[in-house]
>>> print(open('start-v3.txt').read())   # compact mmCIF, C-alpha atoms
# COMPACT_ATOMS: atom_id res chain seq x y z
CA MET I 224 0.00 0.00 0.00
CA LEU I 225 1.41 3.38 -1.04
CA GLY I 226 0.82 6.58 0.87
CA ARG I 227 1.99 10.16 1.33
CA VAL I 228 0.30 11.31 4.56
CA GLU I 229 2.01 14.29 6.25
CA MET I 230 2.90 14.19 9.96
CA ASP I 231 5.62 15.21 12.40
CA LEU I 232 8.54 13.07 11.23
CA HIS I 233 10.94 14.68 13.70
CA HIS I 234 9.10 13.65 16.87
CA HIS I 235 11.10 11.12 18.91
CA GLY I 236 10.82 9.34 22.22
CA ASP I 237 13.15 11.72 24.06
CA ALA I 238 10.48 14.42 23.71
CA GLU I 239 8.21 12.31 25.96
CA VAL I 240 10.67 12.08 28.84
CA ALA I 241 10.66 14.45 31.82
CA PRO I 242 12.19 14.42 35.30
CA GLY I 243 10.41 12.04 37.65
CA LEU I 244 8.96 9.83 34.92
CA VAL I 245 9.88 6.19 34.35
CA ASP I 246 11.30 6.24 30.82
CA LEU I 247 9.54 3.71 28.60
CA ALA I 248 9.74 6.04 25.60
CA VAL I 249 13.44 5.86 24.64
CA ASN I 250 14.92 2.60 23.36
CA VAL I 251 18.36 2.99 24.94
CA ARG I 252 19.70 0.55 27.52
CA ARG I 253 20.56 2.24 30.82
CA GLN I 254 22.85 -0.26 32.58
CA PRO I 255 26.36 0.80 33.74
CA MET I 256 29.01 0.87 31.03
CA PRO I 257 31.47 -2.06 31.19
CA SER I 258 35.12 -1.21 31.84
CA TRP I 259 36.27 -2.54 28.46
CA LEU I 260 34.17 0.24 26.90
CA ALA I 261 34.39 3.01 29.50
CA ASP I 262 38.18 2.87 29.89
CA PRO I 263 39.08 3.38 26.19
CA ILE I 264 36.58 6.25 25.93
CA ALA I 265 37.96 7.91 29.06
CA ALA I 266 41.54 7.47 27.85
CA THR I 267 40.84 9.62 24.79
CA LEU I 268 40.11 12.67 26.93
CA THR I 269 43.86 13.33 27.19
CA GLU I 270 44.24 13.11 23.39
CA LEU I 271 41.69 15.63 22.19
CA ALA I 272 44.25 18.07 20.81
CA ALA I 273 44.82 15.69 17.90
CA TYR I 274 42.36 15.33 15.04
CA PRO I 275 40.38 12.07 15.01
CA ASP I 276 41.94 9.11 13.20
CA ALA I 277 39.18 6.76 12.05
CA ARG I 278 41.44 4.07 10.61
CA PRO I 279 41.80 1.74 13.65
CA ALA I 280 38.08 1.80 14.39
CA THR I 281 37.22 1.33 10.73
CA ALA I 282 39.48 -1.73 10.55
CA ALA I 283 37.97 -3.14 13.74
CA VAL I 284 34.39 -2.74 12.47
CA ALA I 285 35.35 -4.27 9.13
CA GLY I 286 36.87 -7.26 10.90
CA ARG I 287 33.76 -7.80 12.98
CA HIS I 288 31.62 -8.16 9.88
CA GLY I 289 34.12 -9.96 7.64
CA ARG I 290 34.54 -6.95 5.36
CA THR I 291 37.37 -4.73 4.18
CA PRO I 292 37.91 -1.22 5.57
CA ALA I 293 36.87 0.17 2.17
CA GLU I 294 33.37 -1.21 2.87
CA VAL I 295 32.94 0.72 6.14
CA LEU I 296 32.11 4.34 6.86
CA LEU I 297 31.91 5.46 10.48
CA THR I 298 29.25 8.09 11.14
CA ALA I 299 27.98 10.33 13.93
CA GLY I 300 25.15 7.92 14.67
CA ALA I 301 22.94 6.22 12.12
CA ALA I 302 21.05 9.50 11.77
CA GLN I 303 24.01 11.07 9.99
CA ALA I 304 24.03 8.17 7.55
CA PHE I 305 20.43 8.94 6.58
CA VAL I 306 21.47 12.48 5.65
CA LEU I 307 24.52 11.32 3.69
CA ILE I 308 22.42 8.88 1.66
CA ALA I 309 19.77 11.50 0.98
CA ARG I 310 22.40 13.93 -0.29
CA ALA I 311 24.65 11.52 -2.18
CA ILE I 312 22.11 9.30 -3.97
CA ALA I 313 20.20 10.86 -6.86
CA ALA I 314 17.07 8.71 -6.91
CA ARG I 315 14.21 8.93 -9.40
CA ARG I 316 11.75 6.98 -7.23
CA PRO I 317 12.73 6.74 -3.56
CA VAL I 318 10.50 4.55 -1.40
CA VAL I 319 10.40 4.20 2.38
CA VAL I 320 8.75 1.11 3.85
CA HIS I 321 6.62 2.07 6.86
CA PRO I 322 5.93 1.85 9.74
CA GLN I 323 9.57 2.52 10.57
CA PHE I 324 11.88 5.11 12.05
CA THR I 325 10.90 8.45 10.52
CA GLU I 326 14.30 10.13 10.12
CA PRO I 327 15.17 8.40 6.80
CA GLU I 328 12.11 9.92 5.18
CA ALA I 329 12.71 13.26 6.86
CA ALA I 330 16.29 13.30 5.53
CA LEU I 331 15.11 12.45 2.01
CA ARG I 332 12.47 15.17 2.06
CA ASN I 333 14.90 17.74 3.44
CA ALA I 334 17.25 16.91 0.57
CA GLY I 335 14.48 17.57 -1.97
CA HIS I 336 13.38 14.01 -2.76
CA ASP I 337 9.74 13.23 -3.54
CA VAL I 338 9.25 10.25 -1.24
CA GLU I 339 6.73 7.46 -1.65
CA ARG I 340 5.59 5.33 1.25
CA VAL I 341 4.88 1.62 1.24
CA LEU I 342 2.66 0.91 4.25
CA LEU I 343 2.83 -2.58 5.73
CA ARG I 344 -0.42 -3.86 7.24
CA GLU I 345 -1.27 -4.80 10.79
CA GLU I 346 -3.32 -7.75 9.57
CA ASP I 347 -0.11 -9.15 8.06
CA GLY I 348 1.75 -8.64 11.32
CA PHE I 349 3.58 -5.69 9.70
CA ARG I 350 5.79 -8.22 7.92
CA LEU I 351 7.54 -7.31 4.70
CA ASP I 352 6.27 -8.69 1.41
CA PRO I 353 8.90 -7.81 -1.23
CA ALA I 354 6.17 -7.68 -3.88
CA VAL I 355 4.64 -4.51 -2.38
CA VAL I 356 7.73 -2.44 -3.19
CA PRO I 357 7.47 -0.91 -6.70
CA ALA I 358 9.76 -2.69 -9.11
CA ASP I 359 11.16 0.58 -10.47
CA ALA I 360 11.99 2.07 -7.06
CA ASP I 361 15.69 2.89 -7.25
CA LEU I 362 16.20 3.79 -3.57
CA VAL I 363 14.45 1.72 -0.89
CA PHE I 364 14.64 2.17 2.89
CA VAL I 365 13.50 -0.57 5.28
CA GLY I 366 14.22 -1.20 8.96
CA ASN I 367 15.14 -4.59 10.40
CA PRO I 368 14.12 -5.08 13.13
CA THR I 369 11.69 -2.30 12.48
CA ASN I 370 11.18 0.62 14.83
CA PRO I 371 8.40 0.98 16.05
CA THR I 372 6.74 -2.39 15.35
CA SER I 373 9.65 -4.52 16.66
CA VAL I 374 9.09 -6.91 13.73
CA LEU I 375 12.10 -8.82 12.42
CA HIS I 376 11.84 -9.41 8.67
CA ARG I 377 13.33 -12.48 7.03
CA ALA I 378 16.75 -11.90 5.50
CA ALA I 379 15.54 -13.69 2.36
CA ASP I 380 12.70 -11.19 1.93
CA LEU I 381 15.07 -8.28 2.28
CA ALA I 382 17.58 -9.84 -0.10
CA ALA I 383 14.78 -10.23 -2.64
CA LEU I 384 14.59 -6.42 -2.83
CA ALA I 385 18.19 -6.07 -4.01
CA ARG I 386 18.78 -5.65 -7.74
CA PRO I 387 21.09 -3.82 -10.14
CA GLY I 388 20.24 -0.14 -10.44
CA ARG I 389 18.70 0.05 -6.95
CA VAL I 390 20.19 1.15 -3.65
CA LEU I 391 18.63 -0.92 -0.87
CA VAL I 392 19.15 0.60 2.57
CA VAL I 393 18.50 -1.73 5.51
CA ASP I 394 18.52 0.06 8.85
CA GLU I 395 19.85 -2.47 11.38
CA ALA I 396 20.15 0.00 14.26
CA PHE I 397 18.47 -2.53 16.56
CA SER I 398 19.89 -5.72 15.06
CA ASP I 399 22.09 -6.25 18.10
CA THR I 400 18.96 -6.50 20.27
CA THR I 401 17.62 -9.56 18.43
CA TRP I 402 18.13 -13.15 19.55
CA ARG I 403 16.99 -16.58 18.47
CA ALA I 404 17.58 -19.88 20.23
CA GLY I 405 20.20 -21.96 18.49
CA VAL I 406 21.54 -19.03 16.45
CA SER I 407 24.90 -17.67 17.58
CA ALA I 408 24.80 -14.48 15.53
CA GLU I 409 22.17 -11.81 14.96
CA PRO I 410 19.24 -13.53 13.22
CA GLU I 411 18.24 -12.13 9.80
CA SER I 412 21.09 -9.60 9.63
CA LEU I 413 22.57 -8.71 6.23
CA ALA I 414 25.61 -6.94 7.69
CA SER I 415 28.10 -9.47 6.33
CA ARG I 416 26.49 -9.91 2.90
CA THR I 417 28.65 -8.63 0.05
CA ASP I 418 26.87 -10.44 -2.78
CA LEU I 419 23.74 -8.25 -2.99
CA PRO I 420 23.89 -5.39 -5.50
CA GLY I 421 23.32 -1.94 -4.09
CA LEU I 422 22.98 -3.12 -0.47
CA VAL I 423 23.65 -0.55 2.26
CA VAL I 424 23.42 -1.68 5.89
CA LEU I 425 23.25 0.92 8.65
CA ARG I 426 24.27 0.10 12.20
CA SER I 427 24.13 1.94 15.53
CA LEU I 428 26.12 1.41 18.73
CA THR I 429 24.01 3.76 20.80
CA LYS I 430 21.18 1.45 21.89
CA THR I 431 22.66 -1.57 23.64
CA TRP I 432 25.67 0.27 25.03
CA GLY I 433 23.90 3.47 26.13
CA LEU I 434 25.88 5.79 23.85
CA ALA I 435 23.14 7.98 22.44
CA GLY I 436 24.96 11.10 23.61
CA LEU I 437 28.23 10.03 21.98
CA ARG I 438 26.76 9.61 18.47
CA ILE I 439 28.39 6.60 16.84
CA GLY I 440 27.21 4.32 14.04
CA TYR I 441 28.44 3.07 10.71
CA VAL I 442 27.57 2.17 7.14
CA LEU I 443 28.41 -1.13 5.44
CA ALA I 444 28.34 -1.17 1.63
CA ALA I 445 30.41 -1.75 -1.49
CA PRO I 446 33.49 0.50 -1.75
CA ALA I 447 32.02 2.60 -4.57
CA LEU I 448 28.92 3.41 -2.50
CA ILE I 449 31.03 4.09 0.60
CA GLY I 450 33.10 6.51 -1.47
CA ARG I 451 30.01 8.44 -2.54
CA LEU I 452 28.79 8.74 1.02
CA ALA I 453 32.21 9.68 2.36
CA ALA I 454 32.43 12.50 -0.17
CA ALA I 455 29.24 13.98 1.33
CA GLN I 456 30.46 13.67 4.92
CA PRO I 457 32.14 16.56 6.76
CA LEU I 458 35.79 16.14 7.70
CA TRP I 459 36.43 14.51 11.09
CA ALA I 460 32.72 13.81 11.48
CA VAL I 461 33.22 11.24 14.24
CA SER I 462 34.91 12.32 17.46
CA THR I 463 37.91 10.57 18.99
CA PRO I 464 35.87 9.25 21.98
CA ALA I 465 33.25 7.89 19.58
CA LEU I 466 35.94 6.18 17.51
CA ALA I 467 37.29 4.53 20.66
CA ALA I 468 33.79 3.27 21.41
CA ALA I 469 33.42 1.86 17.89
CA GLU I 470 36.71 0.00 18.17
CA ALA I 471 35.86 -1.42 21.59
CA CYS I 472 32.36 -2.50 20.52
CA ALA I 473 33.79 -4.44 17.58
CA SER I 474 35.89 -6.68 19.84
CA SER I 475 35.10 -10.33 20.48
CA VAL I 476 34.44 -9.49 24.15
CA ALA I 477 31.84 -6.90 23.12
CA VAL I 478 30.12 -9.17 20.62
CA ALA I 479 29.85 -11.98 23.18
CA ALA I 480 28.46 -9.58 25.79
CA GLU I 481 26.02 -8.21 23.23
CA ARG I 482 24.64 -11.69 22.54
CA ASP I 483 24.19 -12.31 26.28
CA ILE I 484 22.34 -9.02 26.65
CA ALA I 485 20.10 -9.85 23.69
CA ALA I 486 19.24 -13.24 25.20
CA ALA I 487 18.28 -11.61 28.52
CA LEU I 488 16.31 -8.95 26.67
CA ALA I 489 14.31 -11.65 24.88
CA VAL I 490 13.14 -13.00 28.25
CA GLU I 491 12.21 -9.51 29.47
CA ARG I 492 10.41 -8.73 26.20
CA ASP I 493 8.41 -11.95 26.27
CA HIS I 494 7.40 -11.17 29.85
CA LEU I 495 6.16 -7.72 28.81
CA VAL I 496 4.30 -9.05 25.77
CA VAL I 497 2.49 -11.73 27.78
CA GLY I 498 1.47 -9.10 30.30
CA LEU I 499 0.27 -6.66 27.64
CA ARG I 500 -1.92 -9.32 26.05
CA ASP I 501 -3.69 -9.66 29.39
CA VAL I 502 -4.57 -5.95 29.53
CA PRO I 503 -8.17 -5.33 28.40
CA ASP I 504 -8.58 -3.88 24.88
CA VAL I 505 -4.83 -3.97 24.11
CA THR I 506 -3.50 -5.57 20.93
CA VAL I 507 0.23 -6.25 20.47
CA ALA I 508 1.40 -5.89 16.89
CA GLY I 509 3.01 -8.88 15.19
CA HIS I 510 5.79 -10.79 16.93
CA PRO I 511 8.08 -8.32 18.71
CA ALA I 512 11.78 -9.09 18.36
CA SER I 513 13.59 -5.99 19.61
CA ALA I 514 13.87 -3.67 22.61
CA PHE I 515 10.38 -2.22 22.29
CA VAL I 516 6.78 -3.26 21.67
CA ALA I 517 4.03 -1.52 19.67
CA LEU I 518 0.51 -1.82 20.97
CA ARG I 519 -2.91 -0.66 19.81
CA LEU I 520 -5.77 0.46 22.01
CA ALA I 521 -8.60 2.89 21.44
CA GLY I 522 -7.94 6.34 22.88
CA ALA I 523 -4.19 5.75 23.13
CA GLY I 524 -3.51 9.48 23.21
CA GLN I 525 -5.53 9.99 26.36
CA VAL I 526 -4.07 6.84 27.89
CA ARG I 527 -0.57 8.21 27.27
CA LEU I 528 -1.41 11.44 29.07
CA GLU I 529 -2.92 9.57 32.01
CA LEU I 530 0.17 7.38 32.23
CA ARG I 531 2.29 10.53 32.47
CA LYS I 532 0.23 11.67 35.43
CA ARG I 533 0.98 8.34 37.09
CA GLY I 534 4.71 8.45 36.43
CA TYR I 535 5.32 6.76 33.06
CA ALA I 536 6.59 8.17 29.76
CA VAL I 537 5.63 6.13 26.68
CA ARG I 538 6.08 6.89 22.99
CA ARG I 539 3.08 8.12 21.04
CA GLY I 540 2.41 6.23 17.83
CA ASP I 541 0.54 8.77 15.73
CA THR I 542 3.74 10.26 14.27
CA PHE I 543 4.68 6.94 12.64
CA PRO I 544 3.29 6.57 9.10
CA GLY I 545 1.20 3.43 8.95
CA LEU I 546 0.20 3.53 12.61
CA GLY I 547 -2.04 6.27 14.01
CA ALA I 548 -3.76 7.75 17.05
CA ASP I 549 -4.53 4.33 18.60
CA TRP I 550 -0.90 3.27 18.90
CA LEU I 551 1.80 3.48 21.58
CA ARG I 552 5.36 2.17 21.70
CA ILE I 553 6.72 0.76 24.96
CA ALA I 554 10.41 0.16 25.69
CA VAL I 555 11.36 -3.19 27.23
CA ARG I 556 12.79 -2.85 30.73
CA ASP I 557 13.46 -5.29 33.57
CA THR I 558 10.52 -7.45 34.61
CA ALA I 559 9.89 -5.55 37.87
CA THR I 560 9.55 -2.27 35.97
CA SER I 561 7.32 -3.93 33.38
CA ASP I 562 5.09 -5.45 36.06
CA ALA I 563 4.60 -2.09 37.78
CA PHE I 564 3.82 -0.48 34.43
CA LEU I 565 1.37 -3.22 33.47
CA THR I 566 -0.52 -2.73 36.72
CA THR I 567 -0.77 1.00 36.07
CA LEU I 568 -1.77 0.53 32.42
CA THR I 569 -4.48 -1.93 33.42
CA ASP I 570 -5.85 0.52 35.95
CA VAL I 571 -5.86 3.36 33.39
CA VAL I 572 -7.65 1.23 30.78
CA LYS I 573 -10.26 -0.01 33.23
CA GLU I 574 -10.95 3.49 34.55
CA ARG I 575 -11.68 4.97 31.14
CA PRO I 576 -15.27 6.21 30.64
>>> encode(input="start-v3.txt", output="structure tokens")
Amino acid sequence: MLGRVEMDLHHHGDAEVAPGLVDLAVNVRRQPMPSWLADPIAATLTELAAYPDARPATAAVAGRHGRTPAEVLLTAGAAQAFVLIARAIAARRPVVVHPQFTEPEAALRNAGHDVERVLLREEDGFRLDPAVVPADADLVFVGNPTNPTSVLHRAADLAALARPGRVLVVDEAFSDTTWRAGVSAEPESLASRTDLPGLVVLRSLTKTWGLAGLRIGYVLAAPALIGRLAAAQPLWAVSTPALAAAEACASSVAVAAERDIAAALAVERDHLVVGLRDVPDVTVAGHPASAFVALRLAGAGQVRLELRKRGYAVRRGDTFPGLGADWLRIAVRDTATSDAFLTTLTDVVKERP
């Protein structure tokens, strides 16, 4: 389904948060930073007189994904990558698959692109059907797992979208939050695929490791595409502390810790989902696979405001194309926090007129 409905594409979960509220609106993990990450970042604070050197971190990220350094571009968060793509790729028919994070479309529009939307359907569990993307679309954005629905698309379905003459951008900002029993790596990730024409994979290190304020992410693509994006990037775009974080997060210690965190998150997410399905009039979308859950209930806007009065910040869903006024997004937290929230949500729903 195609659409072009206007809405506030720049609204994000941090706008919902205020002092004294339990933050269920921002999808960033809040646990203490491990020493193997904190120490390298702190060590750079005595080296800030020198300009950043991205080469060691670039090599480390390339090694993590079995790529060459020429296939990696470090960026100031995945958000910068959206802007680089919008500026560097001259597309005739750009398409964004929604519901998903809104900044890719915002970046395209700000760069002068006429963007088309493909809207996935709730009745299909918001799962991707490659056939719904126009065959002549030459720039396609899709999230996996998708923010805000938390749906994890099959790698085969994403790969089916790749073709000569098309740039396929897969936003894997939350890929490190996914886990599947019996699978040692991130399920359904395309980060190590080098055989798909025009594939661009975007990654973020800010979610699992609590680095949203540091701004660090990266792009994985063929060297020619990386060169085009690098030409649009400002000099020294990634700070020395952020580069230290990227190098540390590419280590084998980091990857192993990341998989353990994802496994624990899966338990916490399942606990939240089971509880939400017991709340009257609440529908959970699809099969959540990431660090957040989308839910539908009538009058969600008023429910959100009432939850704020009772101490909880949740993400409104009406600014996501393909969702609407009856949607909220809830971040996954520890089970005690989720249980307290579920009790409050149940009370709010039952007390509605």
>>> closest_residue(input="start-v3.txt", among="I:Ala559, I:Ala486, I:Leu422, I:Leu568", to="Leu520 of chain I", atoms="all atoms listed in the file")
I:Leu568
>>> residues_near_point(input="start-v3.txt", point="(19.5, 14.5, 2.9)", cutoff="7 Å", atoms="all atoms listed in the file", output="ChimeraX atom specification")
/I:305-310,330-331,333-334
>>> residues_near_point(input="start-v3.txt", point="(33.1, 13.7, 13.1)", cutoff="8 Å", atoms="all atoms listed in the file", output="list in words")
Pro275, Thr298, Ala299, Pro457, Leu458, Trp459, Ala460, Val461 and Ser462 of chain I
>>> write_last_selection(input="start-v3.txt", atoms="C-alpha atoms", output="CSV table (one decimal), in the frame of the given file")
chain,number,residue,atom,x,y,z
I,275,PRO,CA,40.4,12.1,15.0
I,298,THR,CA,29.2,8.1,11.1
I,299,ALA,CA,28.0,10.3,13.9
I,457,PRO,CA,32.1,16.6,6.8
I,458,LEU,CA,35.8,16.1,7.7
I,459,TRP,CA,36.4,14.5,11.1
I,460,ALA,CA,32.7,13.8,11.5
I,461,VAL,CA,33.2,11.2,14.2
I,462,SER,CA,34.9,12.3,17.5
>>> atom_distance(input="start-v3.txt", atom1="atom CA of Ala536 of chain I", atom2="atom CA of Arg556 of chain I")
12.7 Å
>>> residues_around(input="start-v3.txt", residues="Glu345 of chain I", least_positions_apart="3", cutoff="8 Å", atoms="only C-alpha atoms", output="PyMOL selection string")
chain I and resi 348-349+508-509
>>> closest_residue(input="start-v3.txt", among="I:Ala521, I:Ala408, I:Ala453, I:Ala445", to="Glu481 of chain I", atoms="all atoms listed in the file")
I:Ala408
>>> closest_residue(input="start-v3.txt", among="I:Ala282, I:Leu260, I:Val502, I:Leu375", to="Glu409 of chain I", atoms="only C-alpha atoms")
I:Leu375
>>> residues_around(input="start-v3.txt", residues="segment 423-434 of chain I", least_positions_apart="3", cutoff="8 Å", atoms="only C-alpha atoms", output="MDAnalysis selection string")
chainID I and resid 250:254 256 300:301 304 390:400 413:414 437:445 469 472 481
>>> write_last_selection(input="start-v3.txt", atoms="C-alpha atoms", output="compact mmCIF listing (two decimals), in the coordinates of the input")
# COMPACT_ATOMS: atom_id res chain seq x y z
CA ASN I 250 14.92 2.60 23.36
CA VAL I 251 18.36 2.99 24.94
CA ARG I 252 19.70 0.55 27.52
CA ARG I 253 20.56 2.24 30.82
CA GLN I 254 22.85 -0.26 32.58
CA MET I 256 29.01 0.87 31.03
CA GLY I 300 25.15 7.92 14.67
CA ALA I 301 22.94 6.22 12.12
CA ALA I 304 24.03 8.17 7.55
CA VAL I 390 20.19 1.15 -3.65
CA LEU I 391 18.63 -0.92 -0.87
CA VAL I 392 19.15 0.60 2.57
CA VAL I 393 18.50 -1.73 5.51
CA ASP I 394 18.52 0.06 8.85
CA GLU I 395 19.85 -2.47 11.38
CA ALA I 396 20.15 0.00 14.26
CA PHE I 397 18.47 -2.53 16.56
CA SER I 398 19.89 -5.72 15.06
CA ASP I 399 22.09 -6.25 18.10
CA THR I 400 18.96 -6.50 20.27
CA LEU I 413 22.57 -8.71 6.23
CA ALA I 414 25.61 -6.94 7.69
CA LEU I 437 28.23 10.03 21.98
CA ARG I 438 26.76 9.61 18.47
CA ILE I 439 28.39 6.60 16.84
CA GLY I 440 27.21 4.32 14.04
CA TYR I 441 28.44 3.07 10.71
CA VAL I 442 27.57 2.17 7.14
CA LEU I 443 28.41 -1.13 5.44
CA ALA I 444 28.34 -1.17 1.63
CA ALA I 445 30.41 -1.75 -1.49
CA ALA I 469 33.42 1.86 17.89
CA CYS I 472 32.36 -2.50 20.52
CA GLU I 481 26.02 -8.21 23.23
>>> atom_distance(input="start-v3.txt", atom1="atom CA of Arg482 of chain I", atom2="atom CA of Ala465 of chain I")
21.6 Å
>>> atom_distance(input="start-v3.txt", atom1="atom CA of Thr267 of chain I", atom2="atom CA of Leu466 of chain I")
9.4 Å
>>> residues_around(input="start-v3.txt", residues="Pro446 of chain I", least_positions_apart="3", cutoff="10 Å", atoms="only C-alpha atoms", output="PyMOL selection string")
chain I and resi 291-296+443+449-452
>>> write_last_selection(input="start-v3.txt", atoms="C-alpha atoms", output="short mmCIF file (atom, residue, chain, number, x, y, z; two decimals), in the coordinates of the input")
data_model
loop_
_atom_site.label_atom_id
_atom_site.label_comp_id
_atom_site.auth_asym_id
_atom_site.auth_seq_id
_atom_site.Cartn_x
_atom_site.Cartn_y
_atom_site.Cartn_z
CA THR I 291 37.37 -4.73 4.18
CA PRO I 292 37.91 -1.22 5.57
CA ALA I 293 36.87 0.17 2.17
CA GLU I 294 33.37 -1.21 2.87
CA VAL I 295 32.94 0.72 6.14
CA LEU I 296 32.11 4.34 6.86
CA LEU I 443 28.41 -1.13 5.44
CA ILE I 449 31.03 4.09 0.60
CA GLY I 450 33.10 6.51 -1.47
CA ARG I 451 30.01 8.44 -2.54
CA LEU I 452 28.79 8.74 1.02
#
>>> residues_around(input="start-v3.txt", residues="Leu342 of chain I", least_positions_apart="3", cutoff="12 Å", atoms="all atoms listed in the file", output="list in words")
Met224, Leu225, Gly226, Arg227, Val228, Val318, Val319, Val320, His321, Pro322, Gln323, Glu339, Glu345, Glu346, Asp347, Gly348, Phe349, Arg350, Leu351, Asp352, Val355, Val356, Val365, Phe543, Pro544, Gly545 and Leu546 of chain I
>>> closest_residue(input="start-v3.txt", among="I:Ala471, I:His233, I:Gly243, I:Val572", to="Gly534 of chain I", atoms="all atoms listed in the file")
I:Gly243
>>> closest_residue(input="start-v3.txt", among="I:Ile312, I:Ala265, I:Ala383, I:Val497", to="Leu362 of chain I", atoms="all atoms listed in the file")
I:Ile312
>>> closest_residue(input="start-v3.txt", among="I:Ser474, I:Thr325, I:Thr417, I:Ser258", to="Arg287 of chain I", atoms="all atoms listed in the file")
I:Ser474
>>> axis_aligned_box(input="start-v3.txt", around="segment 260-264 of chain I", padding_each_side="8 Å", output="lines of an AutoDock Vina configuration file")
center_x = 36.6
center_y = 3.2
center_z = 27.9
size_x = 20.9
size_y = 22.0
size_z = 20.0
